[in-house]
$ cat query-v7.txt   # compact mmCIF, C-alpha atoms and all ligand atoms
# COMPACT_ATOMS: atom_id res chain seq x y z
CA MET A 1 -22.89 -176.40 -251.39
CA ASP A 2 -21.60 -174.39 -254.33
CA PHE A 3 -22.34 -170.98 -255.81
CA SER A 4 -24.65 -172.22 -258.54
CA SER A 5 -26.86 -174.06 -256.06
CA LEU A 6 -27.39 -170.71 -254.32
CA GLY A 7 -29.12 -169.52 -257.47
CA LEU A 8 -26.32 -167.54 -259.07
CA SER A 9 -25.97 -167.39 -262.83
CA GLU A 10 -23.21 -169.14 -264.73
CA LYS A 11 -21.40 -165.86 -265.40
CA LEU A 12 -21.22 -165.01 -261.74
CA VAL A 13 -20.20 -168.54 -260.77
CA ARG A 14 -17.42 -168.32 -263.35
CA ALA A 15 -16.24 -165.04 -261.80
CA THR A 16 -16.04 -166.65 -258.35
CA ALA A 17 -14.18 -169.63 -259.81
CA ASP A 18 -11.69 -167.18 -261.33
CA GLN A 19 -11.01 -165.95 -257.80
CA GLY A 20 -10.41 -169.51 -256.65
CA TYR A 21 -13.52 -169.69 -254.47
CA THR A 22 -14.89 -173.19 -254.35
CA THR A 23 -17.48 -173.03 -251.60
CA PRO A 24 -19.57 -170.12 -250.37
CA SER A 25 -18.66 -168.79 -246.92
CA PRO A 26 -21.36 -169.00 -244.18
CA ILE A 27 -22.45 -165.39 -244.70
CA GLN A 28 -22.66 -165.98 -248.45
CA GLU A 29 -24.78 -169.09 -247.98
CA LYS A 30 -27.30 -167.03 -246.09
CA ALA A 31 -27.04 -163.62 -247.74
CA ILE A 32 -27.04 -164.64 -251.41
CA PRO A 33 -30.50 -166.31 -251.47
CA ALA A 34 -31.93 -163.58 -249.23
CA VAL A 35 -30.70 -160.77 -251.48
CA LEU A 36 -31.81 -162.64 -254.60
CA SER A 37 -35.31 -162.89 -253.13
CA GLY A 38 -35.49 -159.10 -253.23
CA LYS A 39 -36.01 -158.74 -249.51
CA ASP A 40 -34.23 -156.29 -247.24
CA VAL A 41 -31.37 -157.79 -245.27
CA MET A 42 -29.73 -156.95 -241.99
CA ALA A 43 -26.53 -158.90 -241.51
CA ALA A 44 -24.10 -159.05 -238.63
CA ALA A 45 -20.83 -159.72 -240.36
CA GLN A 46 -17.34 -158.41 -240.28
CA THR A 47 -14.61 -157.89 -242.75
CA GLY A 48 -12.99 -161.21 -243.54
CA THR A 49 -16.21 -163.19 -243.65
CA GLY A 50 -16.71 -162.79 -247.38
CA LYS A 51 -19.57 -160.35 -246.94
CA THR A 52 -18.58 -158.25 -249.95
CA ALA A 53 -19.22 -161.13 -252.35
CA GLY A 54 -22.24 -161.98 -250.18
CA PHE A 55 -23.99 -158.81 -251.27
CA THR A 56 -22.26 -158.05 -254.58
CA LEU A 57 -22.94 -161.34 -256.37
CA PRO A 58 -26.72 -161.36 -255.84
CA LEU A 59 -26.83 -157.61 -256.46
CA LEU A 60 -25.25 -158.09 -259.88
CA GLN A 61 -27.63 -160.88 -260.70
CA ARG A 62 -30.68 -158.82 -259.78
CA LEU A 63 -29.43 -155.89 -261.83
CA ALA A 64 -29.04 -158.20 -264.82
CA GLU A 65 -32.50 -159.71 -264.37
CA THR A 66 -34.56 -156.62 -263.73
CA PRO A 67 -35.11 -153.76 -266.15
CA ARG A 68 -33.71 -150.37 -265.20
CA LYS A 69 -36.32 -148.19 -263.49
CA GLY A 70 -34.87 -144.72 -264.01
CA LYS A 71 -31.82 -142.79 -265.06
CA GLY A 72 -28.45 -142.69 -263.30
CA ILE A 73 -27.05 -145.18 -260.82
CA ARG A 74 -29.02 -148.32 -260.00
CA ALA A 75 -27.22 -149.46 -256.87
CA LEU A 76 -25.50 -147.42 -254.21
CA ILE A 77 -22.99 -148.95 -251.82
CA LEU A 78 -21.97 -146.68 -248.94
CA ALA A 79 -18.76 -147.43 -247.07
CA PRO A 80 -17.14 -145.54 -244.19
CA THR A 81 -13.58 -145.22 -245.44
CA ARG A 82 -11.72 -144.67 -248.64
CA GLU A 83 -9.90 -147.96 -248.27
CA LEU A 84 -13.06 -149.96 -247.80
CA ALA A 85 -14.80 -148.16 -250.66
CA ALA A 86 -11.85 -148.89 -252.93
CA GLN A 87 -11.76 -152.56 -251.92
CA VAL A 88 -15.48 -153.03 -252.37
CA ALA A 89 -15.29 -151.35 -255.78
CA ALA A 90 -12.44 -153.66 -256.79
CA SER A 91 -14.58 -156.65 -255.79
CA VAL A 92 -17.55 -155.35 -257.74
CA GLU A 93 -15.36 -155.09 -260.82
CA LEU A 94 -14.00 -158.59 -260.36
CA TYR A 95 -17.37 -160.23 -259.88
CA ALA A 96 -18.93 -158.23 -262.72
CA ARG A 97 -16.25 -159.18 -265.23
CA TYR A 98 -18.63 -161.26 -267.36
CA MET A 99 -21.58 -158.92 -266.85
CA PRO A 100 -22.46 -155.73 -268.71
CA THR A 101 -22.74 -153.85 -265.40
CA SER A 102 -20.59 -150.73 -265.04
CA SER A 103 -19.28 -149.52 -261.70
CA ALA A 104 -17.32 -146.66 -260.15
CA VAL A 105 -16.01 -145.57 -256.78
CA VAL A 106 -15.99 -142.07 -255.33
CA PHE A 107 -14.37 -140.82 -252.11
CA GLY A 108 -12.84 -137.65 -250.80
CA GLY A 109 -9.24 -136.56 -250.68
CA VAL A 110 -8.78 -136.86 -254.43
CA LYS A 111 -9.85 -134.65 -257.37
CA ILE A 112 -13.58 -134.56 -257.90
CA ASN A 113 -13.55 -133.80 -261.64
CA PRO A 114 -12.52 -137.25 -262.88
CA GLN A 115 -15.28 -138.68 -260.69
CA ILE A 116 -17.80 -136.30 -262.22
CA ALA A 117 -16.63 -137.27 -265.71
CA LYS A 118 -16.93 -140.97 -264.92
CA LEU A 119 -20.44 -140.55 -263.53
CA ARG A 120 -21.44 -138.60 -266.63
CA ARG A 121 -20.46 -141.54 -268.82
CA GLY A 122 -22.98 -143.70 -266.93
CA VAL A 123 -22.53 -145.99 -263.95
CA ASP A 124 -24.78 -148.79 -262.69
CA VAL A 125 -23.16 -149.51 -259.33
CA LEU A 126 -21.61 -146.68 -257.36
CA VAL A 127 -19.47 -147.28 -254.29
CA ALA A 128 -19.07 -144.13 -252.23
CA THR A 129 -18.09 -142.59 -248.94
CA PRO A 130 -20.96 -140.41 -247.68
CA GLY A 131 -19.20 -137.03 -247.62
CA ARG A 132 -17.95 -137.09 -251.20
CA LEU A 133 -21.24 -138.50 -252.41
CA MET A 134 -23.08 -135.52 -250.92
CA ASP A 135 -20.59 -133.14 -252.58
CA LEU A 136 -21.21 -134.80 -255.92
CA TYR A 137 -24.94 -134.67 -255.41
CA GLN A 138 -24.84 -130.99 -254.55
CA GLN A 139 -22.88 -130.35 -257.72
CA GLY A 140 -25.51 -132.16 -259.74
CA ALA A 141 -23.06 -134.88 -260.75
CA VAL A 142 -25.11 -137.79 -259.44
CA ARG A 143 -28.83 -138.47 -259.44
CA PHE A 144 -30.63 -140.87 -257.17
CA ASP A 145 -34.02 -141.36 -258.77
CA GLY A 146 -33.00 -144.62 -260.44
CA VAL A 147 -31.59 -146.25 -257.31
CA GLU A 148 -33.06 -149.71 -256.82
CA THR A 149 -30.72 -151.01 -254.12
CA LEU A 150 -29.00 -149.33 -251.19
CA ILE A 151 -26.22 -151.11 -249.33
CA LEU A 152 -24.70 -149.80 -246.12
CA ASP A 153 -21.40 -151.53 -245.47
CA GLU A 154 -19.83 -151.40 -242.00
CA ALA A 155 -22.76 -149.37 -240.75
CA ASP A 156 -21.41 -149.32 -237.20
CA ARG A 157 -18.20 -147.65 -238.29
CA MET A 158 -20.15 -145.12 -240.30
CA LEU A 159 -22.03 -144.09 -237.19
CA ASP A 160 -18.82 -144.08 -235.11
CA MET A 161 -17.34 -141.71 -237.65
CA GLY A 162 -20.20 -139.28 -237.44
CA PHE A 163 -21.77 -139.98 -240.83
CA ILE A 164 -25.29 -140.46 -239.54
CA ARG A 165 -26.54 -137.09 -240.80
CA ASP A 166 -25.15 -137.64 -244.27
CA ILE A 167 -26.62 -141.13 -244.36
CA ARG A 168 -30.05 -139.93 -243.34
CA LYS A 169 -29.88 -137.16 -245.93
CA ILE A 170 -28.91 -139.60 -248.66
CA ILE A 171 -31.66 -142.05 -247.68
CA GLY A 172 -34.14 -139.17 -247.87
CA LEU A 173 -33.11 -138.53 -251.47
CA LEU A 174 -33.59 -142.10 -252.68
CA PRO A 175 -36.77 -143.54 -254.21
CA THR A 176 -38.86 -145.09 -251.44
CA GLN A 177 -39.33 -148.33 -253.40
CA ARG A 178 -35.97 -150.03 -253.14
CA GLN A 179 -34.11 -152.97 -251.64
CA ASN A 180 -31.98 -152.20 -248.59
CA LEU A 181 -29.07 -154.20 -247.23
CA MET A 182 -27.25 -153.33 -244.05
CA PHE A 183 -24.00 -154.92 -242.92
CA SER A 184 -22.51 -154.20 -239.54
CA ALA A 185 -20.03 -155.93 -237.27
CA THR A 186 -21.99 -154.88 -234.21
CA PHE A 187 -25.59 -153.98 -233.53
CA SER A 188 -25.79 -151.24 -230.95
CA GLY A 189 -28.96 -149.34 -230.10
CA ASP A 190 -28.07 -146.65 -232.63
CA ILE A 191 -27.57 -149.17 -235.41
CA ARG A 192 -30.87 -150.81 -234.62
CA LYS A 193 -32.57 -147.43 -234.72
CA LEU A 194 -31.07 -146.70 -238.12
CA ALA A 195 -32.06 -150.19 -239.28
CA GLU A 196 -35.64 -149.67 -238.15
CA GLY A 197 -35.93 -146.50 -240.18
CA MET A 198 -34.25 -147.94 -243.23
CA LEU A 199 -35.15 -151.61 -243.51
CA ASN A 200 -38.51 -153.10 -244.27
CA ASP A 201 -39.14 -156.46 -242.60
CA PRO A 202 -35.53 -157.52 -243.11
CA VAL A 203 -34.15 -161.03 -243.26
CA GLN A 204 -31.75 -161.14 -240.32
CA ILE A 205 -28.46 -162.90 -240.77
CA GLU A 206 -25.75 -163.63 -238.29
CA VAL A 207 -22.60 -165.67 -238.56
CA ALA A 208 -20.16 -166.53 -235.85
CA THR A 209 -16.97 -164.50 -235.95
CA ARG A 210 -13.77 -164.74 -234.05
CA ASN A 211 -12.38 -161.92 -232.00
CA THR A 212 -15.49 -159.93 -231.75
CA THR A 213 -16.43 -158.07 -228.65
CA ALA A 214 -20.00 -158.61 -227.52
CA ASP A 215 -22.42 -155.92 -228.73
CA ASN A 216 -23.97 -155.60 -225.34
CA VAL A 217 -20.72 -154.30 -223.87
CA GLU A 218 -20.33 -150.58 -224.19
CA GLN A 219 -16.67 -149.77 -224.57
CA SER A 220 -14.78 -146.54 -224.19
CA VAL A 221 -11.28 -145.19 -223.81
CA TYR A 222 -10.19 -142.52 -221.34
CA PRO A 223 -6.90 -140.98 -222.42
CA VAL A 224 -5.11 -139.99 -219.19
CA ASP A 225 -1.58 -139.57 -217.86
CA GLN A 226 -0.19 -142.67 -216.16
CA SER A 227 0.36 -140.74 -212.92
CA GLN A 228 -3.31 -139.73 -212.81
CA LYS A 229 -4.83 -143.13 -213.42
CA SER A 230 -5.47 -144.23 -209.85
CA ALA A 231 -6.98 -140.86 -208.92
CA LEU A 232 -9.22 -141.01 -211.99
CA LEU A 233 -10.30 -144.54 -211.16
CA SER A 234 -11.21 -143.52 -207.60
CA GLN A 235 -13.20 -140.61 -208.95
CA LEU A 236 -15.03 -142.77 -211.49
CA VAL A 237 -15.92 -145.38 -208.86
CA LYS A 238 -17.22 -142.75 -206.47
CA HIS A 239 -19.04 -140.47 -208.91
CA ASN A 240 -20.69 -143.30 -210.80
CA ASP A 241 -21.38 -145.12 -207.55
CA TRP A 242 -20.01 -148.34 -208.98
CA GLN A 243 -20.54 -151.11 -206.46
CA GLN A 244 -18.82 -153.94 -208.30
CA VAL A 245 -15.89 -153.28 -210.61
CA LEU A 246 -13.34 -155.69 -211.96
CA VAL A 247 -10.10 -153.84 -212.71
CA PHE A 248 -7.25 -155.27 -214.75
CA THR A 249 -3.60 -154.39 -214.32
CA ARG A 250 -0.70 -155.72 -216.33
CA THR A 251 1.45 -156.76 -213.39
CA LYS A 252 0.98 -158.36 -209.97
CA HIS A 253 2.92 -155.55 -208.40
CA GLY A 254 0.68 -153.01 -210.13
CA ALA A 255 -2.38 -154.84 -208.81
CA ASN A 256 -1.09 -154.64 -205.21
CA ARG A 257 -0.19 -150.98 -205.52
CA LEU A 258 -3.54 -150.03 -207.00
CA THR A 259 -5.42 -151.94 -204.31
CA GLN A 260 -3.58 -149.98 -201.63
CA LYS A 261 -4.29 -146.66 -203.33
CA LEU A 262 -7.99 -147.42 -203.66
CA GLU A 263 -8.17 -148.42 -200.00
CA LYS A 264 -6.49 -145.12 -199.11
CA ASP A 265 -9.19 -143.34 -201.07
CA GLY A 266 -11.82 -145.10 -199.00
CA ILE A 267 -12.82 -147.70 -201.61
CA THR A 268 -12.80 -151.34 -200.52
CA ALA A 269 -10.57 -153.33 -202.83
CA ALA A 270 -8.80 -156.68 -203.09
CA ALA A 271 -6.15 -158.01 -205.42
CA ILE A 272 -6.18 -161.39 -207.10
CA HIS A 273 -3.09 -162.64 -208.89
CA GLY A 274 -0.62 -165.46 -209.21
CA ASN A 275 1.42 -164.56 -206.13
CA LYS A 276 -1.57 -164.86 -203.84
CA SER A 277 -2.37 -168.17 -202.22
CA GLN A 278 -5.42 -170.01 -203.48
CA GLY A 279 -7.09 -169.30 -200.13
CA ALA A 280 -6.52 -165.57 -200.46
CA ARG A 281 -7.80 -165.60 -204.01
CA THR A 282 -10.96 -167.49 -203.12
CA ARG A 283 -11.56 -165.16 -200.20
CA ALA A 284 -11.09 -162.05 -202.36
CA LEU A 285 -13.45 -163.40 -205.00
CA ASN A 286 -16.10 -164.32 -202.43
CA ASP A 287 -15.88 -160.92 -200.77
CA PHE A 288 -16.26 -159.31 -204.17
CA LYS A 289 -19.26 -161.45 -205.06
CA GLN A 290 -20.90 -160.74 -201.71
CA GLY A 291 -20.47 -157.02 -202.26
CA GLU A 292 -18.06 -156.58 -199.34
CA VAL A 293 -15.32 -155.49 -201.69
CA ARG A 294 -16.21 -152.98 -204.38
CA VAL A 295 -13.16 -153.32 -206.56
CA LEU A 296 -11.41 -156.54 -207.48
CA VAL A 297 -8.03 -155.87 -209.05
CA ALA A 298 -6.78 -158.73 -211.19
CA THR A 299 -4.09 -159.69 -213.65
CA ASP A 300 -5.00 -161.47 -216.89
CA ILE A 301 -3.95 -164.92 -215.79
CA ALA A 302 -5.82 -164.72 -212.49
CA ALA A 303 -8.93 -163.52 -214.24
CA ARG A 304 -9.15 -166.44 -216.69
CA GLY A 305 -12.18 -168.41 -215.87
CA LEU A 306 -13.61 -165.91 -213.41
CA ASP A 307 -17.31 -166.08 -213.98
CA ILE A 308 -19.08 -163.52 -211.98
CA LYS A 309 -22.73 -163.19 -212.81
CA GLN A 310 -24.00 -159.84 -213.98
CA LEU A 311 -20.74 -158.02 -213.58
CA PRO A 312 -21.66 -154.54 -214.74
CA GLN A 313 -18.30 -152.85 -215.03
CA VAL A 314 -14.82 -153.77 -216.18
CA VAL A 315 -11.93 -151.31 -216.17
CA ASN A 316 -8.62 -151.76 -217.91
CA PHE A 317 -6.27 -149.84 -215.66
CA GLU A 318 -3.61 -150.70 -218.20
CA LEU A 319 -4.19 -152.14 -221.62
CA PRO A 320 -2.98 -155.68 -222.20
CA ASN A 321 -0.06 -155.97 -224.60
CA ILE A 322 -1.74 -158.95 -226.25
CA PRO A 323 -4.81 -157.64 -228.07
CA GLU A 324 -6.77 -160.90 -227.64
CA ASP A 325 -6.55 -160.42 -223.86
CA TYR A 326 -8.64 -157.29 -224.27
CA VAL A 327 -11.46 -159.35 -225.76
CA HIS A 328 -11.19 -161.85 -222.89
CA ARG A 329 -11.11 -159.11 -220.29
CA ILE A 330 -14.16 -157.28 -221.45
CA GLY A 331 -15.98 -160.59 -221.93
CA ARG A 332 -16.22 -160.57 -218.12
CA THR A 333 -19.00 -158.06 -218.36
CA GLY A 334 -22.21 -158.19 -220.31
CA ARG A 335 -22.50 -161.93 -219.83
CA ALA A 336 -25.63 -163.93 -220.53
CA GLY A 337 -27.53 -161.18 -222.24
CA GLU A 338 -26.86 -158.55 -219.56
CA SER A 339 -25.50 -155.22 -220.68
CA GLY A 340 -22.10 -154.15 -219.44
CA HIS A 341 -19.52 -151.42 -219.59
CA ALA A 342 -15.84 -151.70 -220.25
CA LEU A 343 -13.59 -148.72 -220.07
CA SER A 344 -9.88 -148.41 -220.54
CA LEU A 345 -7.57 -145.85 -218.98
CA VAL A 346 -4.96 -145.30 -221.64
CA SER A 347 -1.76 -143.32 -221.24
CA ALA A 348 0.33 -141.95 -224.10
CA ASP A 349 2.79 -144.86 -223.99
CA GLU A 350 -0.03 -147.35 -224.56
CA GLY A 351 -0.96 -146.01 -227.99
CA LYS A 352 0.51 -149.03 -229.71
CA PHE A 353 -1.50 -151.46 -227.59
CA LEU A 354 -4.66 -149.51 -228.29
CA ALA A 355 -3.93 -149.54 -232.01
CA GLY A 356 -3.46 -153.32 -231.89
CA ILE A 357 -6.73 -153.81 -230.03
CA GLU A 358 -8.72 -151.59 -232.36
CA ARG A 359 -7.26 -153.40 -235.33
CA LEU A 360 -8.21 -156.77 -233.85
CA ILE A 361 -11.76 -155.86 -232.94
CA LYS A 362 -12.07 -153.81 -236.14
CA LYS A 363 -13.62 -150.96 -234.33
CA GLU A 364 -12.52 -147.59 -233.10
CA LEU A 365 -13.40 -147.07 -229.47
CA PRO A 366 -14.93 -143.74 -228.47
CA ARG A 367 -12.62 -141.45 -226.45
CA LYS A 368 -13.82 -139.66 -223.37
CA THR A 369 -12.16 -137.31 -220.95
CA VAL A 370 -13.00 -136.32 -217.43
CA GLU A 371 -12.50 -132.71 -216.40
CA GLY A 372 -9.28 -132.35 -214.44
CA PHE A 373 -7.82 -135.54 -215.93
CA GLU A 374 -7.07 -134.39 -219.45
CA PRO A 375 -3.87 -136.05 -220.63
CA SER A 376 -0.80 -133.82 -221.05
CA VAL A 377 0.32 -135.93 -224.02
CA SER A 378 -2.12 -137.41 -226.50
CA ILE A 379 -2.12 -141.07 -227.47
CA SER A 380 0.29 -141.11 -230.35
CA ALA A 381 0.30 -144.38 -232.25
CA ARG A 382 -2.56 -144.79 -234.65
CA PRO A 383 -3.54 -148.18 -236.02
CA LYS A 384 -1.50 -148.66 -239.14
CA PRO A 385 -2.81 -150.58 -242.08
CA GLY A 386 -0.80 -153.73 -241.74
CA PRO A 387 -0.68 -157.23 -243.10
CA SER A 388 -3.70 -158.19 -241.04
CA ALA A 389 -6.43 -160.57 -242.09
CA ASN A 390 -8.56 -157.69 -243.23
CA GLY A 391 -6.00 -156.51 -245.69
CA GLY A 392 -4.93 -153.64 -243.49
CA ARG A 393 -8.35 -152.14 -243.16
CA GLY A 394 -7.73 -151.41 -239.51
CA PRO A 395 -10.15 -148.89 -238.10
CA GLY A 396 -7.89 -145.97 -237.31
CA GLY A 397 -5.46 -145.87 -240.18
CA GLY A 398 -8.16 -146.07 -242.75
CA GLN A 399 -10.47 -143.89 -240.82
CA ASN A 400 -8.34 -140.84 -240.47
CA ARG A 401 -7.52 -140.79 -244.10
CA GLY A 402 -11.05 -141.63 -244.99
CA ARG A 403 -12.38 -138.83 -242.95
CA SER A 404 -9.91 -136.20 -244.01
CA GLY A 405 -10.94 -137.07 -247.48
CA ASN A 406 -14.66 -137.24 -247.01
CA GLY A 407 -14.98 -133.63 -247.95
CA GLY A 408 -18.41 -133.23 -246.49
CA ASN A 409 -18.34 -134.30 -242.89
CA PRO A 410 -19.47 -131.18 -241.09
CA ARG A 411 -18.12 -132.32 -237.76
CA GLY A 412 -14.73 -133.46 -238.91
CA ASN A 413 -12.05 -131.14 -237.68
CA ASN A 414 -8.93 -131.99 -239.52
CA SER A 415 -6.89 -128.97 -238.63
CA GLY A 416 -5.68 -130.08 -235.20
CA ASN A 417 -2.47 -131.98 -234.70
CA ASN A 418 -3.86 -133.83 -231.76
CA ALA A 419 -5.13 -137.15 -232.97
CA GLN A 420 -7.99 -137.04 -230.51
CA SER A 421 -9.22 -133.63 -231.54
CA ARG A 422 -10.12 -135.13 -234.89
CA ARG A 423 -12.54 -137.63 -233.55
CA PRO A 424 -16.17 -136.82 -234.02
CA THR A 425 -17.01 -139.46 -231.44
CA GLN A 426 -15.03 -137.85 -228.67
CA ARG A 427 -17.23 -136.58 -225.93
CA ARG A 428 -16.34 -134.56 -222.91
CA GLU A 429 -17.87 -135.93 -219.84
CA THR A 430 -17.86 -134.99 -216.25
CA ALA A 431 -17.80 -138.10 -214.18
P1 LIG B 501 -14.66 -159.66 -247.20
O1 LIG B 501 -15.15 -160.15 -245.89
O2 LIG B 501 -15.76 -159.41 -248.15
O3 LIG B 501 -13.75 -158.48 -247.03
O4 LIG B 501 -13.80 -160.84 -247.89
C1 LIG B 501 -12.66 -161.34 -247.28
C2 LIG B 501 -11.79 -162.13 -248.23
O5 LIG B 501 -12.34 -163.40 -248.51
C3 LIG B 501 -11.56 -161.47 -249.57
O6 LIG B 501 -10.18 -161.50 -249.83
C4 LIG B 501 -12.31 -162.33 -250.56
O7 LIG B 501 -11.64 -162.37 -251.79
C5 LIG B 501 -12.29 -163.68 -249.89
N1 LIG B 501 -13.46 -164.51 -250.19
C6 LIG B 501 -14.73 -164.11 -250.32
N2 LIG B 501 -15.55 -165.14 -250.55
C7 LIG B 501 -14.80 -166.25 -250.55
C8 LIG B 501 -15.09 -167.66 -250.74
N3 LIG B 501 -16.31 -168.10 -250.92
N4 LIG B 501 -14.04 -168.51 -250.68
C9 LIG B 501 -12.81 -168.06 -250.46
N5 LIG B 501 -12.47 -166.77 -250.28
C10 LIG B 501 -13.45 -165.86 -250.32
$ encode --input "query-v7.txt" --output "C-alpha cells" --more "lines below"
Ligand code: AMP
Amino acid sequence: MDFSSLGLSEKLVRATADQGYTTPSPIQEKAIPAVLSGKDVMAAAQTGTGKTAGFTLPLLQRLAETPRKGKGIRALILAPTRELAAQVAASVELYARYMPTSSAVVFGGVKINPQIAKLRRGVDVLVATPGRLMDLYQQGAVRFDGVETLILDEADRMLDMGFIRDIRKIIGLLPTQRQNLMFSATFSGDIRKLAEGMLNDPVQIEVATRNTTADNVEQSVYPVDQSQKSALLSQLVKHNDWQQVLVFTRTKHGANRLTQKLEKDGITAAAIHGNKSQGARTRALNDFKQGEVRVLVATDIAARGLDIKQLPQVVNFELPNIPEDYVHRIGRTGRAGESGHALSLVSADEGKFLAGIERLIKKELPRKTVEGFEPSVSISARPKPGPSANGGRGPGGGQNRGRSGNGGNPRGNNSGNNAQSRRPTQRRETA
C-alpha cells in the first residue's frame, strides 16, 4: 500500500516522500479514501497516529479538484490549543508545498493585527483555535460563506476545555452544504451528541492505539490533602452507596492501614497484596466478588490479572508513579462494554504523577471537589511539554497556554494563581 494507490495526486505523494513517509499509517489508509469520497468522517484517532496527514492530504486534493464556491476561506480546521493549531498548520504547509493552496493559522495570546492582515491577503485553509477565530469573525476579518470543509481536531479536548459554545456558534455560521470531519481520541456521550448534530451519515473510522483509556470509563480527579484521603473515601463510599469498589494504594503498608480505617468507619474492606498468603488473597477476592466485602484495597502487582466482572468503581487512593499503571488500574472497570467510573484522590505532592498520566493518556482529567475536603494546597506540577511521542503536546502544558490565549473563552478565568481555578471543567460536587 502506498500513497498513490489511495488516490492521491502525484504532487501530494511527492510531498509525503519529501517527509520520508513510505507507507500510509492505518488511520491514513482509512481516512484518505473516505475524505476523498466527499463524505463526512468521524474518526477515533490520537496524536501520533498520523491523523493530521490523514485529513490534510485528501483535503488538499479536494480543494485542488473542486472549484471555489464562495469568497474567503475554503477549509476551516479547529484545534483546541495553540500548539496543536501551530503543528497542524505546519503540516498543512508541508503537504501543500507543490500545491497552489494558501494557508494560515490563528490563535490567541499573540497580536491579532498580523492575523487580520494575512487573512485579508486571502487564505484557502485556516487553522484556528475557537476563541481567536470568534474574535476575528466579530471584527469582520474572516468570512465563512465560502467554507466547504470543516475539520474538528481533538474534539474531545475542545469539549474538555469548554469550547462547546464557540464551536456551536461557528458551526451555525457556516454554509450548511459542506464536508465535516471530526477527529477525537475518545468518544464520550457529549462527543457523540456533537457528532450527531454536525455530521451527516459519517464514515466511522477507528484504529487501535496504545495507552488509551477506555471511553466507557468516566475518569475524574479529586484534589485533596493526603491526611483527608481516607475520610473522603469513606464519605464517597457511603454517600454514593458504592457496593463494590476496588481501591489502589501504592504500598502494602498503605493498603493495610486504609483497610483498617475503612473498617473503623463501618465499611467492610479487605486488603490484597504481595505480603498476604495466596489463601488470604483468594479469600479476600471471593468475599469481594460475593459482595461480603465492599472495598477491596490492592497494590498494583496484586491487582494484575484481577478480572472481576462488571466492576463499577475503581479508586486510586494514591496515583501510581508509573503512568502506564494508571491505564492498567482503570482498565479494571468498564470491562466488556460495561460503563465504569475511575476516580483518583490526588494530593499536592502527586502533581508530577498526575502530569505524567495526563501526558500519557493525552487527556486532561476533570477536577472535582467535595465540600469539606477542599485541598489546602493545590496540585502544583502541570504537564510540561516534553520530548514525548506527541512532540510535547501534553494536555496541560499546551492547554493552559492555549486557553489563556484563546481570547474568547467566556468561561476561562485566567486571573487566579491556583491552577485549578482556571479549569472550565472543574465542578463542585457534594458527594
Ligand atoms: P500526527 O498523529 O498527525 O500528529 O502525526 C504524528 C507524526 O507521524 C508526525 O510527526 C508525522 O510527521 C508522522 N507521520 C505521519 N504520517 C506518516 C507516515 N505515513 N509515515 C511516517 N510518519 C508519518
$ atom_distance --input "query-v7.txt" --atom1 "atom CA of A:Thr299" --atom2 "atom CA of A:His341"
18.5 Å
$ residues_near_ligand --input "query-v7.txt" --ligand "ligand LIG 501 (chain B)" --cutoff "9 Å" --atoms "only C-alpha atoms and all ligand atoms" --output "ChimeraX atom specification"
/A:2-3,16,19-26,28,45-55,84,87-88,91,389-391
$ closest_residue --input "query-v7.txt" --among "A:Glu350, A:Glu263, A:Asp287, A:Asp40" --to "A:Asn316" --atoms "only C-alpha atoms"
A:Glu350
$ atom_distance --input "query-v7.txt" --atom1 "atom CA of A:Met99" --atom2 "atom CA of A:Leu78"
21.7 Å
$ closest_residue --input "query-v7.txt" --among "A:Leu126, A:Val217, A:Ala271, A:Leu63" --to "A:Ala85" --atoms "all atoms listed in the file"
A:Leu126
$ closest_residue --input "query-v7.txt" --among "A:Arg192, A:Arg68, A:His239, A:Arg359" --to "A:Val147" --atoms "only C-alpha atoms"
A:Arg68
$ closest_residue --input "query-v7.txt" --among "A:Val297, A:Val237, A:Met42, A:Val221" --to "A:Gly254" --atoms "all atoms listed in the file"
A:Val297
$ residues_around --input "query-v7.txt" --residues "stretch 240-244 of chain A" --least-positions-apart "3" --cutoff "7 Å" --atoms "all atoms listed in the file" --output "count of residues only"
8
$ atom_distance --input "query-v7.txt" --atom1 "atom CA of A:Asp190" --atom2 "atom CA of A:Glu324"
26.1 Å
$ residues_around --input "query-v7.txt" --residues "A:Pro320" --least-positions-apart "6" --cutoff "9 Å" --atoms "all atoms listed in the file" --output "MDAnalysis selection string"
chainID A and resid 248:250 300 326 353:354 357
$ closest_residue --input "query-v7.txt" --among "A:Leu150, A:Leu181, A:Arg143, A:Asp135" --to "A:Asp166" --atoms "only C-alpha atoms"
A:Asp135
$ closest_residue --input "query-v7.txt" --among "A:Lys368, A:Arg283, A:Arg74, A:Arg332" --to "A:Gly146" --atoms "all atoms listed in the file"
A:Arg74
$ residues_around --input "query-v7.txt" --residues "A:Ser230" --least-positions-apart "2" --cutoff "8 Å" --atoms "all atoms listed in the file" --output "list in words"
Ser227, Gln228, Leu232, Leu233, Ser234, Leu258, Lys261 and Leu262 of chain A
$ residues_near_point --input "query-v7.txt" --point "(-22.5, -134.5, -251.4)" --cutoff "12 Å" --atoms "all atoms listed in the file" --output "number ranges by chain"
A: 106-108, 112, 116, 128-144, 163, 165-167, 169-170, 173, 406-410
$ write_last_selection --input "query-v7.txt" --atoms "C-alpha atoms" --output "short mmCIF file (atom, residue, chain, number, x, y, z; two decimals), in the coordinates of the input"
data_model
loop_
_atom_site.label_atom_id
_atom_site.label_comp_id
_atom_site.auth_asym_id
_atom_site.auth_seq_id
_atom_site.Cartn_x
_atom_site.Cartn_y
_atom_site.Cartn_z
CA VAL A 106 -15.99 -142.07 -255.33
CA PHE A 107 -14.37 -140.82 -252.11
CA GLY A 108 -12.84 -137.65 -250.80
CA ILE A 112 -13.58 -134.56 -257.90
CA ILE A 116 -17.80 -136.30 -262.22
CA ALA A 128 -19.07 -144.13 -252.23
CA THR A 129 -18.09 -142.59 -248.94
CA PRO A 130 -20.96 -140.41 -247.68
CA GLY A 131 -19.20 -137.03 -247.62
CA ARG A 132 -17.95 -137.09 -251.20
CA LEU A 133 -21.24 -138.50 -252.41
CA MET A 134 -23.08 -135.52 -250.92
CA ASP A 135 -20.59 -133.14 -252.58
CA LEU A 136 -21.21 -134.80 -255.92
CA TYR A 137 -24.94 -134.67 -255.41
CA GLN A 138 -24.84 -130.99 -254.55
CA GLN A 139 -22.88 -130.35 -257.72
CA GLY A 140 -25.51 -132.16 -259.74
CA ALA A 141 -23.06 -134.88 -260.75
CA VAL A 142 -25.11 -137.79 -259.44
CA ARG A 143 -28.83 -138.47 -259.44
CA PHE A 144 -30.63 -140.87 -257.17
CA PHE A 163 -21.77 -139.98 -240.83
CA ARG A 165 -26.54 -137.09 -240.80
CA ASP A 166 -25.15 -137.64 -244.27
CA ILE A 167 -26.62 -141.13 -244.36
CA LYS A 169 -29.88 -137.16 -245.93
CA ILE A 170 -28.91 -139.60 -248.66
CA LEU A 173 -33.11 -138.53 -251.47
CA ASN A 406 -14.66 -137.24 -247.01
CA GLY A 407 -14.98 -133.63 -247.95
CA GLY A 408 -18.41 -133.23 -246.49
CA ASN A 409 -18.34 -134.30 -242.89
CA PRO A 410 -19.47 -131.18 -241.09
#
